[in-house]
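> What follows is upload.pdb; its format and atoms are PDB, C-alpha atoms, pLDDT in the B column.
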```pdb
ATOM      1  CA  MET A   1      -1.898  13.433   0.083  1.00 96.00           C
ATOM      2  CA  ARG A   2       0.681  10.730   0.729  1.00 97.00           C
ATOM      3  CA  TYR A   3      -0.270   7.264  -0.519  1.00 98.00           C
ATOM      4  CA  PHE A   4       1.267   4.163   1.076  1.00 97.00           C
ATOM      5  CA  ASP A   5       1.592   0.836  -0.678  1.00 96.00           C
ATOM      6  CA  THR A   6       0.622  -2.321   1.183  1.00 96.00           C
ATOM      7  CA  GLY A   7       4.210  -3.339   1.872  1.00 94.00           C
ATOM      8  CA  VAL A   8       4.764  -0.164   3.887  1.00 96.00           C
ATOM      9  CA  LEU A   9       1.473  -0.407   5.774  1.00 96.00           C
ATOM     10  CA  LEU A  10       2.015  -4.058   6.659  1.00 95.00           C
ATOM     11  CA  LYS A  11       5.223  -3.099   8.459  1.00 96.00           C
ATOM     12  CA  LEU A  12       3.104  -1.098  10.919  1.00 95.00           C
ATOM     13  CA  TYR A  13       1.826  -4.426  12.248  1.00 94.00           C
ATOM     14  CA  LEU A  14       4.760  -6.779  11.722  1.00 92.00           C
ATOM     15  CA  PRO A  15       8.264  -6.440  13.144  1.00 87.00           C
ATOM     16  CA  GLU A  16       9.890  -6.678   9.718  1.00 89.00           C
ATOM     17  CA  LEU A  17      12.965  -5.094   8.203  1.00 91.00           C
ATOM     18  CA  ARG A  18      12.318  -1.357   7.698  1.00 93.00           C
ATOM     19  CA  ALA A  19       9.323  -1.342  10.091  1.00 95.00           C
ATOM     20  CA  ALA A  20      10.738   1.661  11.978  1.00 95.00           C
ATOM     21  CA  GLU A  21      11.219   3.470   8.668  1.00 95.00           C
ATOM     22  CA  ALA A  22       7.623   2.728   7.656  1.00 96.00           C
ATOM     23  CA  LEU A  23       6.341   4.112  10.948  1.00 95.00           C
ATOM     24  CA  ALA A  24       8.468   7.249  10.520  1.00 96.00           C
ATOM     25  CA  HIS A  25       7.047   7.802   7.004  1.00 96.00           C
ATOM     26  CA  VAL A  26       3.497   7.431   8.313  1.00 95.00           C
ATOM     27  CA  ASN A  27       4.154   9.730  11.271  1.00 94.00           C
ATOM     28  CA  ALA A  28       5.672  12.363   8.963  1.00 95.00           C
ATOM     29  CA  SER A  29       2.729  12.221   6.578  1.00 94.00           C
ATOM     30  CA  PRO A  30       0.400  15.215   6.280  1.00 92.00           C
ATOM     31  CA  ASN A  31      -2.553  12.786   6.190  1.00 92.00           C
ATOM     32  CA  VAL A  32      -3.606   9.530   7.799  1.00 94.00           C
ATOM     33  CA  PRO A  33      -2.868   6.587   5.523  1.00 96.00           C
ATOM     34  CA  PRO A  34      -5.624   6.022   2.975  1.00 96.00           C
ATOM     35  CA  ILE A  35      -6.752   2.400   2.792  1.00 96.00           C
ATOM     36  CA  THR A  36      -8.594   0.827  -0.124  1.00 96.00           C
ATOM     37  CA  LEU A  37     -10.164  -2.584  -0.565  1.00 95.00           C
ATOM     38  CA  LEU A  38      -6.963  -3.658  -2.323  1.00 96.00           C
ATOM     39  CA  HIS A  39      -4.874  -2.746   0.750  1.00 96.00           C
ATOM     40  CA  GLU A  40      -7.238  -4.623   3.037  1.00 95.00           C
ATOM     41  CA  LEU A  41      -7.177  -7.768   0.910  1.00 96.00           C
ATOM     42  CA  GLU A  42      -3.405  -7.728   0.472  1.00 96.00           C
ATOM     43  CA  MET A  43      -2.716  -7.109   4.160  1.00 96.00           C
ATOM     44  CA  ARG A  44      -5.072  -9.835   5.354  1.00 96.00           C
ATOM     45  CA  SER A  45      -3.732 -12.282   2.774  1.00 97.00           C
ATOM     46  CA  ALA A  46      -0.117 -11.508   3.702  1.00 96.00           C
ATOM     47  CA  LEU A  47      -0.808 -12.148   7.389  1.00 97.00           C
ATOM     48  CA  ARG A  48      -2.541 -15.440   6.621  1.00 97.00           C
ATOM     49  CA  GLN A  49       0.398 -16.488   4.421  1.00 97.00           C
ATOM     50  CA  LYS A  50       2.734 -15.810   7.345  1.00 96.00           C
ATOM     51  CA  VAL A  51       0.662 -18.208   9.452  1.00 97.00           C
ATOM     52  CA  GLY A  52       0.900 -20.820   6.698  1.00 98.00           C
ATOM     53  CA  ARG A  53       4.688 -20.347   6.571  1.00 97.00           C
ATOM     54  CA  LYS A  54       4.863 -20.649  10.383  1.00 97.00           C
ATOM     55  CA  GLU A  55       6.316 -17.127  10.664  1.00 96.00           C
ATOM     56  CA  ILE A  56       3.536 -16.052  13.042  1.00 96.00           C
ATOM     57  CA  THR A  57       0.915 -17.957  15.001  1.00 96.00           C
ATOM     58  CA  LEU A  58      -2.779 -17.967  14.216  1.00 97.00           C
ATOM     59  CA  ALA A  59      -3.393 -16.068  17.451  1.00 97.00           C
ATOM     60  CA  GLU A  60      -0.868 -13.393  16.419  1.00 96.00           C
ATOM     61  CA  CYS A  61      -2.528 -13.152  13.005  1.00 96.00           C
ATOM     62  CA  GLU A  62      -5.971 -12.747  14.540  1.00 97.00           C
ATOM     63  CA  ALA A  63      -4.660 -10.072  16.920  1.00 96.00           C
ATOM     64  CA  MET A  64      -3.096  -8.142  14.024  1.00 96.00           C
ATOM     65  CA  LEU A  65      -6.288  -8.424  11.964  1.00 96.00           C
ATOM     66  CA  ALA A  66      -8.294  -7.128  14.924  1.00 96.00           C
ATOM     67  CA  GLN A  67      -5.836  -4.242  15.393  1.00 96.00           C
ATOM     68  CA  MET A  68      -6.076  -3.337  11.712  1.00 94.00           C
ATOM     69  CA  GLU A  69      -9.876  -3.265  11.932  1.00 94.00           C
ATOM     70  CA  GLU A  70      -9.700  -1.140  15.088  1.00 95.00           C
ATOM     71  CA  ASP A  71      -7.316   1.259  13.319  1.00 95.00           C
ATOM     72  CA  LEU A  72      -9.780   1.557  10.436  1.00 93.00           C
ATOM     73  CA  THR A  73     -12.781   2.226  12.646  1.00 93.00           C
ATOM     74  CA  SER A  74     -10.946   4.637  14.945  1.00 95.00           C
ATOM     75  CA  GLY A  75      -9.483   6.811  12.162  1.00 92.00           C
ATOM     76  CA  VAL A  76      -5.827   5.733  12.348  1.00 93.00           C
ATOM     77  CA  HIS A  77      -6.316   4.866   8.667  1.00 94.00           C
ATOM     78  CA  GLU A  78      -8.912   6.349   6.337  1.00 94.00           C
ATOM     79  CA  ARG A  79     -11.018   3.911   4.336  1.00 94.00           C
ATOM     80  CA  MET A  80     -11.282   5.294   0.804  1.00 96.00           C
ATOM     81  CA  ASN A  81     -13.834   4.499  -1.864  1.00 94.00           C
ATOM     82  CA  VAL A  82     -12.789   4.551  -5.488  1.00 96.00           C
ATOM     83  CA  VAL A  83     -14.409   3.918  -8.836  1.00 97.00           C
ATOM     84  CA  TRP A  84     -12.668   0.685  -9.730  1.00 97.00           C
ATOM     85  CA  THR A  85     -13.293   0.993 -13.478  1.00 98.00           C
ATOM     86  CA  ASN A  86     -11.372   4.283 -13.376  1.00 98.00           C
ATOM     87  CA  VAL A  87      -8.549   2.679 -11.369  1.00 98.00           C
ATOM     88  CA  PHE A  88      -8.250  -0.165 -13.877  1.00 98.00           C
ATOM     89  CA  ALA A  89      -8.260   2.292 -16.798  1.00 98.00           C
ATOM     90  CA  THR A  90      -5.490   4.330 -15.142  1.00 98.00           C
ATOM     91  CA  ALA A  91      -3.539   1.142 -14.410  1.00 97.00           C
ATOM     92  CA  GLU A  92      -3.820   0.106 -18.060  1.00 97.00           C
ATOM     93  CA  ALA A  93      -2.588   3.525 -19.162  1.00 97.00           C
ATOM     94  CA  LEU A  94       0.342   3.254 -16.728  1.00 97.00           C
ATOM     95  CA  SER A  95       1.170  -0.210 -18.010  1.00 96.00           C
ATOM     96  CA  THR A  96       1.089   1.044 -21.587  1.00 96.00           C
ATOM     97  CA  ALA A  97       3.292   4.041 -20.812  1.00 95.00           C
ATOM     98  CA  HIS A  98       5.735   2.508 -18.325  1.00 94.00           C
ATOM     99  CA  GLY A  99       5.285  -1.270 -18.247  1.00 90.00           C
ATOM    100  CA  VAL A 100       8.236  -2.063 -20.481  1.00 92.00           C
ATOM    101  CA  SER A 101      10.635   0.122 -18.504  1.00 92.00           C
ATOM    102  CA  ALA A 102       9.269  -0.277 -14.959  1.00 91.00           C
ATOM    103  CA  LEU A 103       8.625  -4.042 -15.083  1.00 92.00           C
ATOM    104  CA  CYS A 104       5.923  -3.589 -12.410  1.00 92.00           C
ATOM    105  CA  ARG A 105       3.593  -6.391 -11.429  1.00 93.00           C
ATOM    106  CA  SER A 106      -0.116  -5.760 -11.936  1.00 94.00           C
ATOM    107  CA  LEU A 107      -0.877  -5.133  -8.266  1.00 94.00           C
ATOM    108  CA  ASP A 108       2.008  -2.692  -7.949  1.00 95.00           C
ATOM    109  CA  THR A 109       0.691  -0.873 -11.010  1.00 97.00           C
ATOM    110  CA  MET A 110      -2.754  -0.842  -9.395  1.00 97.00           C
ATOM    111  CA  HIS A 111      -1.328   0.923  -6.330  1.00 97.00           C
ATOM    112  CA  VAL A 112       0.203   3.656  -8.472  1.00 98.00           C
ATOM    113  CA  ALA A 113      -3.133   3.988 -10.273  1.00 98.00           C
ATOM    114  CA  LEU A 114      -4.969   4.186  -6.934  1.00 98.00           C
ATOM    115  CA  ALA A 115      -2.647   6.945  -5.770  1.00 98.00           C
ATOM    116  CA  ILE A 116      -3.326   8.909  -8.947  1.00 98.00           C
ATOM    117  CA  GLU A 117      -7.085   8.340  -8.734  1.00 97.00           C
ATOM    118  CA  LEU A 118      -7.120   9.473  -5.092  1.00 97.00           C
ATOM    119  CA  GLY A 119      -5.239  12.652  -6.001  1.00 97.00           C
ATOM    120  CA  ALA A 120      -2.071  11.784  -4.095  1.00 97.00           C
ATOM    121  CA  LYS A 121       1.065  13.837  -4.713  1.00 98.00           C
ATOM    122  CA  GLU A 122       3.420  11.527  -2.780  1.00 98.00           C
ATOM    123  CA  PHE A 123       3.849   7.773  -3.036  1.00 98.00           C
ATOM    124  CA  CYS A 124       5.507   5.804  -0.252  1.00 98.00           C
ATOM    125  CA  THR A 125       6.959   2.403  -1.139  1.00 97.00           C
ATOM    126  CA  PHE A 126      10.070   0.321  -0.552  1.00 96.00           C
ATOM    127  CA  ASP A 127       9.704  -1.403  -3.939  1.00 95.00           C
ATOM    128  CA  HIS A 128      12.208  -0.252  -6.574  1.00 94.00           C
ATOM    129  CA  ARG A 129      10.079  -1.007  -9.650  1.00 94.00           C
ATOM    130  CA  GLN A 130       7.006   0.591  -8.132  1.00 95.00           C
ATOM    131  CA  SER A 131       9.108   3.636  -7.208  1.00 96.00           C
ATOM    132  CA  PHE A 132      10.201   3.935 -10.831  1.00 96.00           C
ATOM    133  CA  MET A 133       6.612   3.778 -12.120  1.00 96.00           C
ATOM    134  CA  ALA A 134       5.331   6.232  -9.496  1.00 97.00           C
ATOM    135  CA  ALA A 135       8.085   8.735 -10.310  1.00 97.00           C
ATOM    136  CA  ALA A 136       7.518   8.321 -14.056  1.00 96.00           C
ATOM    137  CA  SER A 137       3.859   9.096 -13.395  1.00 96.00           C
ATOM    138  CA  GLY A 138       4.690  12.395 -11.724  1.00 97.00           C
ATOM    139  CA  LEU A 139       4.378  11.318  -8.093  1.00 98.00           C
ATOM    140  CA  THR A 140       7.011  12.273  -5.527  1.00 98.00           C
ATOM    141  CA  VAL A 141       8.418   8.993  -4.206  1.00 98.00           C
ATOM    142  CA  ILE A 142       9.077   8.504  -0.497  1.00 97.00           C
ATOM    143  CA  SER A 143      11.181   5.389   0.160  1.00 91.00           C
TER     144      SER A 143
END
```
Kindly return the structure encoded in the file as structure tokens.


Amino acid sequence: MRYFDTGVLLKLYLPELRAAEALAHVNASPNVPPITLLHELEMRSALRQKVGRKEITLAECEAMLAQMEEDLTSGVHERMNVVWTNVFATAEALSTAHGVSALCRSLDTMHVALAIELGAKEFCTFDHRQSFMAAASGLTVIS
């Protein structure tokens, strides 16, 4: 399974730098992108922040949110359930093992933990620190 961090998935909806690359990584994936509650929260929050920064309009935000929901219900993405206590325990173990060297933020560490808990073998991110932690954890990094 290939796991995608939120920054990659968000580029499927926003015309940002590296959006074409993100789409290519998703299209080359052996699986549809798994989506967790953390992805959903981060993506919705990021879109709303863009409205607040006047980078997109409220109407554009609402259209993107509707498209994301349609993609979830139609199978473009796969909504995944996890045992959050296990994810947090894995994240704590990752932080203990790699926090000093990777310098990952908590949410980035959570994504690596989610990938591990979901049984992913590949981790797709454009974040350097997250890439370091994912690789140190035995995941093949796609960036």

> Step by step: start from the point (-8.9, 0.1, 7.2) in the file's coordinates, keep every protein, DNA or RNA residue that has an atom no farther than 10 Å from it, count all atoms listed in the file, and write the set as a ChimeraX atom specification.

/A:33-37,39-40,43,67-80

> Could the residues in this selection be saved with C-alpha atoms as an mmCIF file, keeping the file's coordinate frame?


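Result file is out11.cif:
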```cif
data_model
loop_
_atom_site.group_PDB
_atom_site.id
_atom_site.type_symbol
_atom_site.label_atom_id
_atom_site.label_comp_id
_atom_site.auth_asym_id
_atom_site.auth_seq_id
_atom_site.Cartn_x
_atom_site.Cartn_y
_atom_site.Cartn_z
ATOM 1 C CA PRO A 33 -2.868 6.587 5.523
ATOM 2 C CA PRO A 34 -5.624 6.022 2.975
ATOM 3 C CA ILE A 35 -6.752 2.400 2.792
ATOM 4 C CA THR A 36 -8.594 0.827 -0.124
ATOM 5 C CA LEU A 37 -10.164 -2.584 -0.565
ATOM 6 C CA HIS A 39 -4.874 -2.746 0.750
ATOM 7 C CA GLU A 40 -7.238 -4.623 3.037
ATOM 8 C CA MET A 43 -2.716 -7.109 4.160
ATOM 9 C CA GLN A 67 -5.836 -4.242 15.393
ATOM 10 C CA MET A 68 -6.076 -3.337 11.712
ATOM 11 C CA GLU A 69 -9.876 -3.265 11.932
ATOM 12 C CA GLU A 70 -9.700 -1.140 15.088
ATOM 13 C CA ASP A 71 -7.316 1.259 13.319
ATOM 14 C CA LEU A 72 -9.780 1.557 10.436
ATOM 15 C CA THR A 73 -12.781 2.226 12.646
ATOM 16 C CA SER A 74 -10.946 4.637 14.945
ATOM 17 C CA GLY A 75 -9.483 6.811 12.162
ATOM 18 C CA VAL A 76 -5.827 5.733 12.348
ATOM 19 C CA HIS A 77 -6.316 4.866 8.667
ATOM 20 C CA GLU A 78 -8.912 6.349 6.337
ATOM 21 C CA ARG A 79 -11.018 3.911 4.336
ATOM 22 C CA MET A 80 -11.282 5.294 0.804
#
```

> Would you list the contacts of His98 (chain A) as a list in words, taking every protein, DNA or RNA residue within 12 Å and counting all atoms listed in the file, but skipping same-chain residues closer than 4 positions in sequence?

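In the requested form, the answer reads Thr90, Ala91, Glu92, Ala93, Leu94, Ala102, Leu103, Cys104, Arg105, Ser106, Thr109, Val112, Arg129, Gln130, Ser131, Phe132, Met133, Ala134, Ala135, Ala136, Ser137 and Gly138 of chain A.
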
> Rounded to one decimal place, report the CA of Asn81 (chain A)-CA of Glu21 (chain A) distance in Å.

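These atoms are spaced 27.2 Å apart.
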
> Would you compute the distance between CA of Asn31 (chain A) and CA of Met1 (chain A)? Give it in Å to one decimal.

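CA of Asn31 (chain A) sits 6.2 Å away from CA of Met1 (chain A).
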
> Which residue out of A:Ala66, A:Ala28, A:Ala113, A:Leu107 has the minimum interatomic distance to Phe88 (chain A) when only C-alpha atoms are used?

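Among the listed residues, A:Ala113 lies closest to Phe88 (chain A).
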